[in-house]
Structures are given as C-alpha cells and as structure tokens.
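Below is entry-v9.cif, which holds mmCIF, C-alpha atoms, pLDDT in the B column; chains and numbers go by the auth columns.
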```cif
data_run
#
loop_
_atom_site.group_PDB
_atom_site.id
_atom_site.type_symbol
_atom_site.label_atom_id
_atom_site.label_comp_id
_atom_site.label_asym_id
_atom_site.label_seq_id
_atom_site.Cartn_x
_atom_site.Cartn_y
_atom_site.Cartn_z
_atom_site.B_iso_or_equiv
_atom_site.auth_seq_id
_atom_site.auth_asym_id
ATOM 1 C CA MET A 1 0.000 0.000 0.000 71.00 1 B
ATOM 2 C CA ASN A 2 2.882 2.295 0.779 73.00 2 B
ATOM 3 C CA GLN A 3 4.383 1.663 -2.685 75.00 3 B
ATOM 4 C CA LEU A 4 1.097 2.904 -4.159 75.00 4 B
ATOM 5 C CA GLY A 5 1.015 6.004 -1.965 77.00 5 B
ATOM 6 C CA LEU A 6 -2.113 4.877 -0.133 76.00 6 B
ATOM 7 C CA GLN A 7 -2.691 6.086 3.412 76.00 7 B
ATOM 8 C CA ASN A 8 -6.251 5.120 4.378 73.00 8 B
ATOM 9 C CA PHE A 9 -6.711 1.368 4.481 76.00 9 B
ATOM 10 C CA THR A 10 -7.532 -1.375 6.949 76.00 10 B
ATOM 11 C CA VAL A 11 -6.079 -4.869 6.904 73.00 11 B
ATOM 12 C CA ASP A 12 -7.960 -7.929 8.143 70.00 12 B
ATOM 13 C CA LEU A 13 -7.290 -11.623 7.631 62.00 13 B
ATOM 14 C CA GLY A 14 -7.270 -12.162 3.867 64.00 14 B
ATOM 15 C CA GLU A 15 -8.766 -8.761 3.203 70.00 15 B
ATOM 16 C CA VAL A 16 -7.705 -5.145 2.729 74.00 16 B
ATOM 17 C CA GLU A 17 -10.228 -2.361 2.531 75.00 17 B
ATOM 18 C CA ILE A 18 -8.974 0.777 0.806 77.00 18 B
ATOM 19 C CA GLU A 19 -10.877 3.876 1.868 77.00 19 B
ATOM 20 C CA GLU A 20 -9.692 6.099 -0.956 77.00 20 B
ATOM 21 C CA SER A 21 -10.252 5.922 -4.699 79.00 21 B
ATOM 22 C CA LEU A 22 -7.610 4.261 -6.813 77.00 22 B
ATOM 23 C CA THR A 23 -6.441 5.631 -10.128 82.00 23 B
ATOM 24 C CA PRO A 24 -6.397 3.117 -12.991 85.00 24 B
ATOM 25 C CA GLN A 25 -2.590 3.078 -12.741 86.00 25 B
ATOM 26 C CA GLN A 26 -2.689 2.339 -9.000 82.00 26 B
ATOM 27 C CA ARG A 27 -5.237 -0.432 -9.577 81.00 27 B
ATOM 28 C CA ASP A 28 -3.037 -2.046 -12.267 85.00 28 B
ATOM 29 C CA LYS A 29 0.067 -1.805 -10.064 84.00 29 B
ATOM 30 C CA LEU A 30 -1.849 -3.249 -7.098 83.00 30 B
ATOM 31 C CA LYS A 31 -3.025 -6.225 -9.219 82.00 31 B
ATOM 32 C CA LEU A 32 0.558 -6.834 -10.320 85.00 32 B
ATOM 33 C CA LEU A 33 1.998 -6.615 -6.796 82.00 33 B
ATOM 34 C CA LEU A 34 -0.705 -8.918 -5.430 80.00 34 B
ATOM 35 C CA SER A 35 -0.229 -11.507 -8.169 83.00 35 B
ATOM 36 C CA LYS A 36 3.523 -11.590 -7.441 83.00 36 B
ATOM 37 C CA SER A 37 2.577 -12.544 -3.873 78.00 37 B
ATOM 38 C CA GLY A 38 0.103 -15.212 -5.015 79.00 38 B
ATOM 39 C CA LEU A 39 -2.910 -13.034 -4.198 78.00 39 B
ATOM 40 C CA GLU A 40 -5.603 -11.420 -6.307 76.00 40 B
ATOM 41 C CA LEU A 41 -7.563 -8.198 -6.346 76.00 41 B
ATOM 42 C CA ILE A 42 -11.287 -8.710 -5.932 72.00 42 B
ATOM 43 C CA ASP A 43 -13.239 -5.581 -6.645 70.00 43 B
ATOM 44 C CA ASP A 44 -16.472 -7.024 -8.044 75.00 44 B
ATOM 45 C CA LYS A 45 -19.164 -7.119 -5.328 82.00 45 B
ATOM 46 C CA LYS A 46 -20.491 -10.557 -6.343 89.00 46 B
ATOM 47 C CA THR A 47 -17.010 -12.081 -6.488 87.00 47 B
ATOM 48 C CA LEU A 48 -16.271 -10.598 -3.079 86.00 48 B
ATOM 49 C CA LEU A 49 -19.509 -12.042 -1.698 92.00 49 B
ATOM 50 C CA ILE A 50 -18.641 -15.500 -3.061 93.00 50 B
ATOM 51 C CA GLU A 51 -15.197 -15.311 -1.447 89.00 51 B
ATOM 52 C CA ARG A 52 -16.820 -14.351 1.851 91.00 52 B
ATOM 53 C CA ILE A 53 -19.200 -17.323 1.581 95.00 53 B
ATOM 54 C CA LYS A 54 -16.210 -19.619 1.036 94.00 54 B
ATOM 55 C CA ILE A 55 -14.354 -18.109 4.001 91.00 55 B
ATOM 56 C CA VAL A 56 -17.360 -18.600 6.297 93.00 56 B
ATOM 57 C CA ILE A 57 -17.649 -22.240 5.195 93.00 57 B
ATOM 58 C CA VAL A 58 -13.936 -22.947 5.621 92.00 58 B
ATOM 59 C CA GLU A 59 -13.992 -21.365 9.081 89.00 59 B
ATOM 60 C CA LEU A 60 -17.124 -23.327 9.980 88.00 60 B
ATOM 61 C CA VAL A 61 -15.841 -26.720 8.843 90.00 61 B
ATOM 62 C CA HIS A 62 -12.088 -26.541 9.386 87.00 62 B
ATOM 63 C CA TYR A 63 -11.391 -24.055 12.151 83.00 63 B
ATOM 64 C CA SER A 64 -14.359 -24.062 14.480 76.00 64 B
ATOM 65 C CA ASP A 65 -14.180 -26.240 17.564 70.00 65 B
ATOM 66 C CA GLN A 66 -17.884 -25.878 18.190 67.00 66 B
ATOM 67 C CA THR A 67 -20.086 -26.405 15.141 64.00 67 B
ATOM 68 C CA PRO A 68 -23.227 -24.290 15.527 64.00 68 B
ATOM 69 C CA LYS A 69 -26.409 -26.236 16.178 72.00 69 B
ATOM 70 C CA ILE A 70 -28.385 -24.190 13.666 78.00 70 B
ATOM 71 C CA LYS A 71 -28.833 -24.943 10.003 87.00 71 B
ATOM 72 C CA ASN A 72 -25.901 -24.092 7.749 88.00 72 B
ATOM 73 C CA SER A 73 -28.165 -21.780 5.755 92.00 73 B
ATOM 74 C CA GLU A 74 -29.084 -19.777 8.874 93.00 74 B
ATOM 75 C CA TYR A 75 -25.468 -19.608 10.027 92.00 75 B
ATOM 76 C CA ILE A 76 -24.172 -18.361 6.658 94.00 76 B
ATOM 77 C CA SER A 77 -27.042 -15.913 6.297 95.00 77 B
ATOM 78 C CA GLU A 78 -26.393 -14.494 9.785 93.00 78 B
ATOM 79 C CA LYS A 79 -22.627 -14.228 9.276 92.00 79 B
ATOM 80 C CA LEU A 80 -22.979 -12.383 5.967 94.00 80 B
ATOM 81 C CA SER A 81 -26.163 -10.406 6.716 93.00 81 B
ATOM 82 C CA HIS A 82 -27.840 -11.512 3.490 95.00 82 B
ATOM 83 C CA ASP A 83 -30.840 -13.624 2.628 95.00 83 B
ATOM 84 C CA TYR A 84 -29.708 -17.231 2.131 96.00 84 B
ATOM 85 C CA THR A 85 -31.674 -17.648 -1.120 96.00 85 B
ATOM 86 C CA TYR A 86 -29.788 -14.705 -2.610 96.00 86 B
ATOM 87 C CA LEU A 87 -26.440 -16.085 -1.393 96.00 87 B
ATOM 88 C CA ALA A 88 -27.243 -19.561 -2.738 96.00 88 B
ATOM 89 C CA ASN A 89 -28.248 -18.221 -6.147 96.00 89 B
ATOM 90 C CA VAL A 90 -25.152 -16.016 -6.504 95.00 90 B
ATOM 91 C CA PHE A 91 -22.882 -18.858 -5.373 95.00 91 B
ATOM 92 C CA SER A 92 -24.430 -21.504 -7.656 96.00 92 B
ATOM 93 C CA GLU A 93 -24.416 -19.185 -10.649 94.00 93 B
ATOM 94 C CA SER A 94 -20.730 -18.427 -10.221 92.00 94 B
ATOM 95 C CA GLU A 95 -19.320 -21.713 -8.904 94.00 95 B
ATOM 96 C CA GLY A 96 -21.462 -24.264 -10.746 94.00 96 B
ATOM 97 C CA MET A 97 -22.314 -26.065 -7.491 96.00 97 B
ATOM 98 C CA THR A 98 -24.609 -25.416 -4.576 96.00 98 B
ATOM 99 C CA ILE A 99 -23.431 -24.115 -1.238 96.00 99 B
ATOM 100 C CA GLU A 100 -24.501 -27.433 0.298 96.00 100 B
ATOM 101 C CA HIS A 101 -22.281 -29.399 -2.120 96.00 101 B
ATOM 102 C CA TYR A 102 -19.413 -27.052 -1.286 96.00 102 B
ATOM 103 C CA ILE A 103 -19.971 -27.664 2.430 95.00 103 B
ATOM 104 C CA ILE A 104 -20.114 -31.438 1.883 95.00 104 B
ATOM 105 C CA ALA A 105 -16.837 -31.346 -0.072 95.00 105 B
ATOM 106 C CA HIS A 106 -15.180 -29.469 2.792 95.00 106 B
ATOM 107 C CA LYS A 107 -16.647 -31.766 5.419 94.00 107 B
ATOM 108 C CA VAL A 108 -15.310 -34.809 3.561 95.00 108 B
ATOM 109 C CA GLU A 109 -11.856 -33.218 3.432 94.00 109 B
ATOM 110 C CA ARG A 110 -12.090 -32.512 7.160 94.00 110 B
ATOM 111 C CA VAL A 111 -13.139 -36.113 7.833 94.00 111 B
ATOM 112 C CA LYS A 112 -10.106 -37.321 5.842 92.00 112 B
ATOM 113 C CA GLU A 113 -7.867 -35.085 7.926 91.00 113 B
ATOM 114 C CA LEU A 114 -9.347 -36.268 11.219 92.00 114 B
ATOM 115 C CA LEU A 115 -9.144 -39.931 10.140 91.00 115 B
ATOM 116 C CA LEU A 116 -5.471 -39.545 9.279 88.00 116 B
ATOM 117 C CA TYR A 117 -4.743 -37.943 12.660 87.00 117 B
ATOM 118 C CA GLY A 118 -6.367 -40.953 14.312 86.00 118 B
ATOM 119 C CA GLU A 119 -7.276 -39.029 17.468 88.00 119 B
ATOM 120 C CA LEU A 120 -11.064 -39.290 17.097 90.00 120 B
ATOM 121 C CA ASN A 121 -13.308 -42.206 16.232 92.00 121 B
ATOM 122 C CA LEU A 122 -16.124 -41.915 13.660 94.00 122 B
ATOM 123 C CA THR A 123 -18.747 -41.179 16.299 93.00 123 B
ATOM 124 C CA GLU A 124 -16.676 -38.281 17.634 93.00 124 B
ATOM 125 C CA ILE A 125 -15.963 -37.017 14.126 93.00 125 B
ATOM 126 C CA SER A 126 -19.652 -37.137 13.186 92.00 126 B
ATOM 127 C CA TYR A 127 -20.518 -35.188 16.342 89.00 127 B
ATOM 128 C CA LYS A 128 -17.718 -32.657 15.773 89.00 128 B
ATOM 129 C CA LEU A 129 -18.908 -31.986 12.203 89.00 129 B
ATOM 130 C CA ASN A 130 -22.586 -31.837 13.197 87.00 130 B
ATOM 131 C CA TYR A 131 -23.738 -34.948 11.319 90.00 131 B
ATOM 132 C CA SER A 132 -27.016 -36.457 12.452 88.00 132 B
ATOM 133 C CA SER A 133 -25.383 -39.892 12.665 93.00 133 B
ATOM 134 C CA VAL A 134 -22.299 -41.910 11.791 95.00 134 B
ATOM 135 C CA ALA A 135 -24.358 -43.535 9.018 96.00 135 B
ATOM 136 C CA HIS A 136 -25.044 -40.132 7.454 96.00 136 B
ATOM 137 C CA LEU A 137 -21.351 -39.187 7.621 96.00 137 B
ATOM 138 C CA SER A 138 -20.360 -42.558 6.115 96.00 138 B
ATOM 139 C CA SER A 139 -22.917 -42.258 3.330 96.00 139 B
ATOM 140 C CA GLN A 140 -21.731 -38.783 2.296 96.00 140 B
ATOM 141 C CA PHE A 141 -18.087 -39.803 2.571 95.00 141 B
ATOM 142 C CA LYS A 142 -18.633 -42.827 0.340 96.00 142 B
ATOM 143 C CA LYS A 143 -20.577 -40.794 -2.254 96.00 143 B
ATOM 144 C CA VAL A 144 -17.675 -38.350 -2.549 94.00 144 B
ATOM 145 C CA THR A 145 -14.660 -40.659 -2.229 92.00 145 B
ATOM 146 C CA GLY A 146 -16.004 -44.043 -3.315 93.00 146 B
ATOM 147 C CA LEU A 147 -14.736 -45.540 -0.052 92.00 147 B
ATOM 148 C CA SER A 148 -16.203 -45.924 3.397 93.00 148 B
ATOM 149 C CA PRO A 149 -14.403 -43.950 6.120 93.00 149 B
ATOM 150 C CA SER A 150 -13.129 -47.156 7.743 89.00 150 B
ATOM 151 C CA VAL A 151 -11.698 -48.467 4.442 90.00 151 B
ATOM 152 C CA TYR A 152 -10.146 -45.050 3.778 89.00 152 B
ATOM 153 C CA LYS A 153 -8.540 -45.047 7.229 86.00 153 B
ATOM 154 C CA HIS A 154 -7.365 -48.652 6.873 83.00 154 B
ATOM 155 C CA LEU A 155 -5.714 -47.907 3.510 83.00 155 B
ATOM 156 C CA GLN A 156 -3.986 -44.852 5.050 72.00 156 B
ATOM 157 C CA ILE A 157 -4.652 -42.928 1.856 64.00 157 B
ATOM 158 C CA ASN A 158 -3.417 -39.367 1.980 61.00 158 B
ATOM 159 C CA GLN A 159 -5.339 -37.934 -0.943 62.00 159 B
ATOM 160 C CA ARG A 160 -6.460 -34.741 0.709 57.00 160 B
ATOM 161 C CA LYS A 161 -7.066 -31.669 -1.395 60.00 161 B
ATOM 162 C CA ALA A 162 -5.818 -28.187 -0.619 58.00 162 B
ATOM 163 C CA LEU A 163 -8.681 -26.094 0.770 57.00 163 B
ATOM 164 C CA GLU A 164 -8.622 -23.708 -2.155 61.00 164 B
ATOM 165 C CA ASN A 165 -9.095 -26.670 -4.528 58.00 165 B
ATOM 166 C CA VAL A 166 -12.166 -28.111 -2.822 59.00 166 B
#
```
Translate this file's structure into structure tokens.
Amino acid sequence: MNQLGLQNFTVDLGEVEIEESLTPQQRDKLKLLLSKSGLELIDDKKTLLIERIKIVIVELVHYSDQTPKIKNSEYISEKLSHDYTYLANVFSESEGMTIEHYIIAHKVERVKELLLYGELNLTEISYKLNYSSVAHLSSQFKKVTGLSPSVYKHLQINQRKALENV
C-alpha cells in the first residue's frame, strides 16, 4: 500500500479495505503486486460475496471447535447479513455447485484429515462436524470418495485436497 502512496486502508485476515479511490494506474500496479505474492484483487461485489461465503464455510468446517447447532443456511445468512436464497443463487451461478455441495466437499476433506490424525473415532468425528449420525457421515463420505471412512482409514490414503481446490 505504501508503494502505491495509499494512506487510508484497513487490513484484516485475507482482506484489505482501501478507503480512498484508486487511479487506474494504482489499480493495475496493485493487481501486479498482489499476483507476485500469489494473491488477487477482488473488486467485483459478487465475487467478493462469493469469497466471503467460502471463508465462512472454511472457518465453519475446518477451524471451528464448536459447530453451531443451527442450520448451515441460517449460520451463513447471519454471518454475511444476506438472505440465504440470494447467497445460494449467486454462489451456484458463479461456482457451478450449490453451497450445500461445497460444504459437503469441505466436510469430507475434514473427515479425511481427522481420520489420518487418528485421534477421534467416527462417532466423535460425526458429532464434531454436526452430522445427524455416523451412518449419514459414512454415506456422504462414500458418495464423494467411493470408499467408506473405515476403508479409507485402513488404507492410510493421503489424498487430501488443498482447501482452495475443494
């Protein structure tokens, strides 16, 4: 920001909000500097909203010790202060999958991670990830991976995907 001569900005995890207008030259230089760091400039409101949806889901599935006991749709809607139907439509239109499928993909990756750590059994994992039962977890896991969780664990397969590729 200093290289661009910007003074008024706030930095939060994965996000910078610039409070002043950028010239086209500053915007181009910012895109270039960000891309050199492996980052990207998101200035389209819908793209920004989709990124925020993804962040909420990743935080919910991967980094929260206590999964909320409300529906995912209510949780996401509350966190982003938008109607869930609107969020779901914007997300599906852009990503080619529903928010629920995105959540399932992340949950399966989290289950793989927890299975490989070997610290929790399937009952504990299903509780931690807010599944209604071990059978439900196992069914979703098998639909996505083609293997049951116990077979996956037994084979010690480490085919986890990076979070940004889920």
List the neighbours of region 126-130 of chain B out to 10 Å using all atoms listed in the file; skip same-chain residues closer than 5 positions along the sequence, and give me the result as a compact mmCIF listing (two decimals) with C-alpha atoms, keeping the file's coordinate frame.
```
# COMPACT_ATOMS: atom_id res chain seq x y z
CA LEU B 60 -17.12 -23.33 9.98
CA VAL B 61 -15.84 -26.72 8.84
CA HIS B 62 -12.09 -26.54 9.39
CA SER B 64 -14.36 -24.06 14.48
CA ASP B 65 -14.18 -26.24 17.56
CA GLN B 66 -17.88 -25.88 18.19
CA THR B 67 -20.09 -26.40 15.14
CA PRO B 68 -23.23 -24.29 15.53
CA LYS B 69 -26.41 -26.24 16.18
CA ILE B 70 -28.38 -24.19 13.67
CA LYS B 71 -28.83 -24.94 10.00
CA LYS B 107 -16.65 -31.77 5.42
CA VAL B 108 -15.31 -34.81 3.56
CA ARG B 110 -12.09 -32.51 7.16
CA VAL B 111 -13.14 -36.11 7.83
CA LEU B 120 -11.06 -39.29 17.10
CA ASN B 121 -13.31 -42.21 16.23
CA ALA B 135 -24.36 -43.54 9.02
CA HIS B 136 -25.04 -40.13 7.45
CA LEU B 137 -21.35 -39.19 7.62
CA SER B 138 -20.36 -42.56 6.12
```
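Considering only C-alpha atoms, the residue among B:Ser132, B:Ile42, B:Val151, B:Ser139 positioned nearest to Val16 (chain B) is B:Ile42.
Between CA of His82 (chain B) and CA of Ile55 (chain B) the separation is 15.0 Å.
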Review point. What does the PyMOL selection byres ((chain B and resi 9) around 6) select in this file, as an MDAnalysis selection string?
Key: chainID B and resid 8 10 17:19
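Across the structure, CA of Lys29 (chain B) and CA of Glu51 (chain B) are spaced 22.1 Å apart.
For the pair CA of Ile50 (chain B) and CA of Val90 (chain B), the interatomic distance is 7.4 Å.
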Report, as JSON, the centre and edge lengths in Å (one decimal) of the axis-aligned box enclosing every listed atom of region 27-45 of chain B, padded by 5 Å on each side.
```
{"center_x": -7.8, "center_y": -7.8, "center_z": -8.1, "size_x": 32.7, "size_y": 24.8, "size_z": 18.4}
```
Practice item. Show which residues sit within 12 Å of region 95-101 of chain B, as a PyMOL selection string. Count all atoms listed in the file, and ignore same-chain residues fewer than 6 positions away. Key: chain B and resi 46-47+50-51+53-54+56-58+71-73+76-77+84-89+107-108+140+143-144+166
Saved selection, atoms kept: C-alpha atoms, as a PDB file, in the frame of the given file:
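Produced file part23.pdb, reproduced below:
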```pdb
ATOM      1  CA  LYS B  46     -20.491 -10.557  -6.343  1.00 89.00           C
ATOM      2  CA  THR B  47     -17.010 -12.081  -6.488  1.00 87.00           C
ATOM      3  CA  ILE B  50     -18.641 -15.500  -3.061  1.00 93.00           C
ATOM      4  CA  GLU B  51     -15.197 -15.311  -1.447  1.00 89.00           C
ATOM      5  CA  ILE B  53     -19.200 -17.323   1.581  1.00 95.00           C
ATOM      6  CA  LYS B  54     -16.210 -19.619   1.036  1.00 94.00           C
ATOM      7  CA  VAL B  56     -17.360 -18.600   6.297  1.00 93.00           C
ATOM      8  CA  ILE B  57     -17.649 -22.240   5.195  1.00 93.00           C
ATOM      9  CA  VAL B  58     -13.936 -22.947   5.621  1.00 92.00           C
ATOM     10  CA  LYS B  71     -28.833 -24.943  10.003  1.00 87.00           C
ATOM     11  CA  ASN B  72     -25.901 -24.092   7.749  1.00 88.00           C
ATOM     12  CA  SER B  73     -28.165 -21.780   5.755  1.00 92.00           C
ATOM     13  CA  ILE B  76     -24.172 -18.361   6.658  1.00 94.00           C
ATOM     14  CA  SER B  77     -27.042 -15.913   6.297  1.00 95.00           C
ATOM     15  CA  TYR B  84     -29.708 -17.231   2.131  1.00 96.00           C
ATOM     16  CA  THR B  85     -31.674 -17.648  -1.120  1.00 96.00           C
ATOM     17  CA  TYR B  86     -29.788 -14.705  -2.610  1.00 96.00           C
ATOM     18  CA  LEU B  87     -26.440 -16.085  -1.393  1.00 96.00           C
ATOM     19  CA  ALA B  88     -27.243 -19.561  -2.738  1.00 96.00           C
ATOM     20  CA  ASN B  89     -28.248 -18.221  -6.147  1.00 96.00           C
ATOM     21  CA  LYS B 107     -16.647 -31.766   5.419  1.00 94.00           C
ATOM     22  CA  VAL B 108     -15.310 -34.809   3.561  1.00 95.00           C
ATOM     23  CA  GLN B 140     -21.731 -38.783   2.296  1.00 96.00           C
ATOM     24  CA  LYS B 143     -20.577 -40.794  -2.254  1.00 96.00           C
ATOM     25  CA  VAL B 144     -17.675 -38.350  -2.549  1.00 94.00           C
ATOM     26  CA  VAL B 166     -12.166 -28.111  -2.822  1.00 59.00           C
TER      27      VAL B 166
END
```
Could N, CA, C and O atoms be built for region 97-122 of chain B and written out as a short mmCIF file (atom, residue, chain, number, x, y, z; two decimals), in the coordinates of the input?
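The result, written out as result_3.cif:
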```
data_model
loop_
_atom_site.label_atom_id
_atom_site.label_comp_id
_atom_site.auth_asym_id
_atom_site.auth_seq_id
_atom_site.Cartn_x
_atom_site.Cartn_y
_atom_site.Cartn_z
N MET B 97 -21.91 -25.08 -8.50
CA MET B 97 -22.31 -26.06 -7.49
C MET B 97 -23.07 -25.32 -6.40
O MET B 97 -22.92 -24.11 -6.27
N THR B 98 -23.86 -26.05 -5.66
CA THR B 98 -24.61 -25.42 -4.58
C THR B 98 -23.71 -25.19 -3.37
O THR B 98 -22.66 -25.83 -3.25
N ILE B 99 -24.16 -24.34 -2.49
CA ILE B 99 -23.43 -24.12 -1.24
C ILE B 99 -23.38 -25.42 -0.45
O ILE B 99 -22.35 -25.76 0.12
N GLU B 100 -24.47 -26.17 -0.45
CA GLU B 100 -24.50 -27.43 0.30
C GLU B 100 -23.46 -28.42 -0.24
O GLU B 100 -22.79 -29.09 0.55
N HIS B 101 -23.31 -28.51 -1.56
CA HIS B 101 -22.28 -29.40 -2.12
C HIS B 101 -20.88 -28.92 -1.75
O HIS B 101 -19.98 -29.73 -1.51
N TYR B 102 -20.70 -27.62 -1.70
CA TYR B 102 -19.41 -27.05 -1.29
C TYR B 102 -19.12 -27.41 0.17
O TYR B 102 -18.00 -27.78 0.52
N ILE B 103 -20.13 -27.31 1.01
CA ILE B 103 -19.97 -27.66 2.43
C ILE B 103 -19.64 -29.15 2.56
O ILE B 103 -18.74 -29.53 3.32
N ILE B 104 -20.36 -29.99 1.83
CA ILE B 104 -20.11 -31.44 1.88
C ILE B 104 -18.68 -31.74 1.46
O ILE B 104 -17.99 -32.54 2.11
N ALA B 105 -18.22 -31.11 0.39
CA ALA B 105 -16.84 -31.35 -0.07
C ALA B 105 -15.84 -30.98 1.02
O ALA B 105 -14.87 -31.70 1.26
N HIS B 106 -16.08 -29.88 1.71
CA HIS B 106 -15.18 -29.47 2.79
C HIS B 106 -15.29 -30.39 4.00
O HIS B 106 -14.28 -30.70 4.63
N LYS B 107 -16.49 -30.84 4.30
CA LYS B 107 -16.65 -31.77 5.42
C LYS B 107 -15.91 -33.08 5.13
O LYS B 107 -15.26 -33.63 6.02
N VAL B 108 -16.00 -33.57 3.92
CA VAL B 108 -15.31 -34.81 3.56
C VAL B 108 -13.80 -34.62 3.70
O VAL B 108 -13.10 -35.50 4.22
N GLU B 109 -13.28 -33.48 3.27
CA GLU B 109 -11.86 -33.22 3.43
C GLU B 109 -11.47 -33.15 4.91
O GLU B 109 -10.42 -33.64 5.31
N ARG B 110 -12.35 -32.58 5.72
CA ARG B 110 -12.09 -32.51 7.16
C ARG B 110 -12.13 -33.90 7.79
O ARG B 110 -11.31 -34.23 8.64
N VAL B 111 -13.07 -34.74 7.34
CA VAL B 111 -13.14 -36.11 7.83
C VAL B 111 -11.85 -36.85 7.48
O VAL B 111 -11.27 -37.54 8.32
N LYS B 112 -11.37 -36.69 6.25
CA LYS B 112 -10.11 -37.32 5.84
C LYS B 112 -8.98 -36.90 6.78
O LYS B 112 -8.19 -37.74 7.24
N GLU B 113 -8.91 -35.62 7.04
CA GLU B 113 -7.87 -35.08 7.93
C GLU B 113 -7.96 -35.71 9.31
O GLU B 113 -6.97 -36.19 9.87
N LEU B 114 -9.16 -35.73 9.87
CA LEU B 114 -9.35 -36.27 11.22
C LEU B 114 -9.09 -37.77 11.27
O LEU B 114 -8.56 -38.28 12.26
N LEU B 115 -9.43 -38.50 10.20
CA LEU B 115 -9.14 -39.93 10.14
C LEU B 115 -7.64 -40.18 10.12
O LEU B 115 -7.15 -41.09 10.78
N LEU B 116 -6.92 -39.36 9.36
CA LEU B 116 -5.47 -39.54 9.28
C LEU B 116 -4.78 -39.22 10.60
O LEU B 116 -3.78 -39.85 10.95
N TYR B 117 -5.31 -38.25 11.35
CA TYR B 117 -4.74 -37.94 12.66
C TYR B 117 -4.96 -39.09 13.63
O TYR B 117 -4.15 -39.33 14.51
N GLY B 118 -6.08 -39.80 13.48
CA GLY B 118 -6.37 -40.95 14.31
C GLY B 118 -6.69 -40.65 15.77
O GLY B 118 -6.70 -41.54 16.60
N GLU B 119 -6.99 -39.40 16.08
CA GLU B 119 -7.28 -39.03 17.47
C GLU B 119 -8.74 -39.22 17.84
O GLU B 119 -9.07 -39.37 19.02
N LEU B 120 -9.63 -39.17 16.84
CA LEU B 120 -11.06 -39.29 17.10
C LEU B 120 -11.62 -40.51 16.36
O LEU B 120 -11.16 -40.84 15.27
N ASN B 121 -12.63 -41.12 16.95
CA ASN B 121 -13.31 -42.21 16.23
C ASN B 121 -14.42 -41.60 15.38
O ASN B 121 -14.70 -40.39 15.45
N LEU B 122 -15.10 -42.42 14.58
CA LEU B 122 -16.12 -41.92 13.66
C LEU B 122 -17.29 -41.25 14.39
O LEU B 122 -17.83 -40.25 13.91
#
```
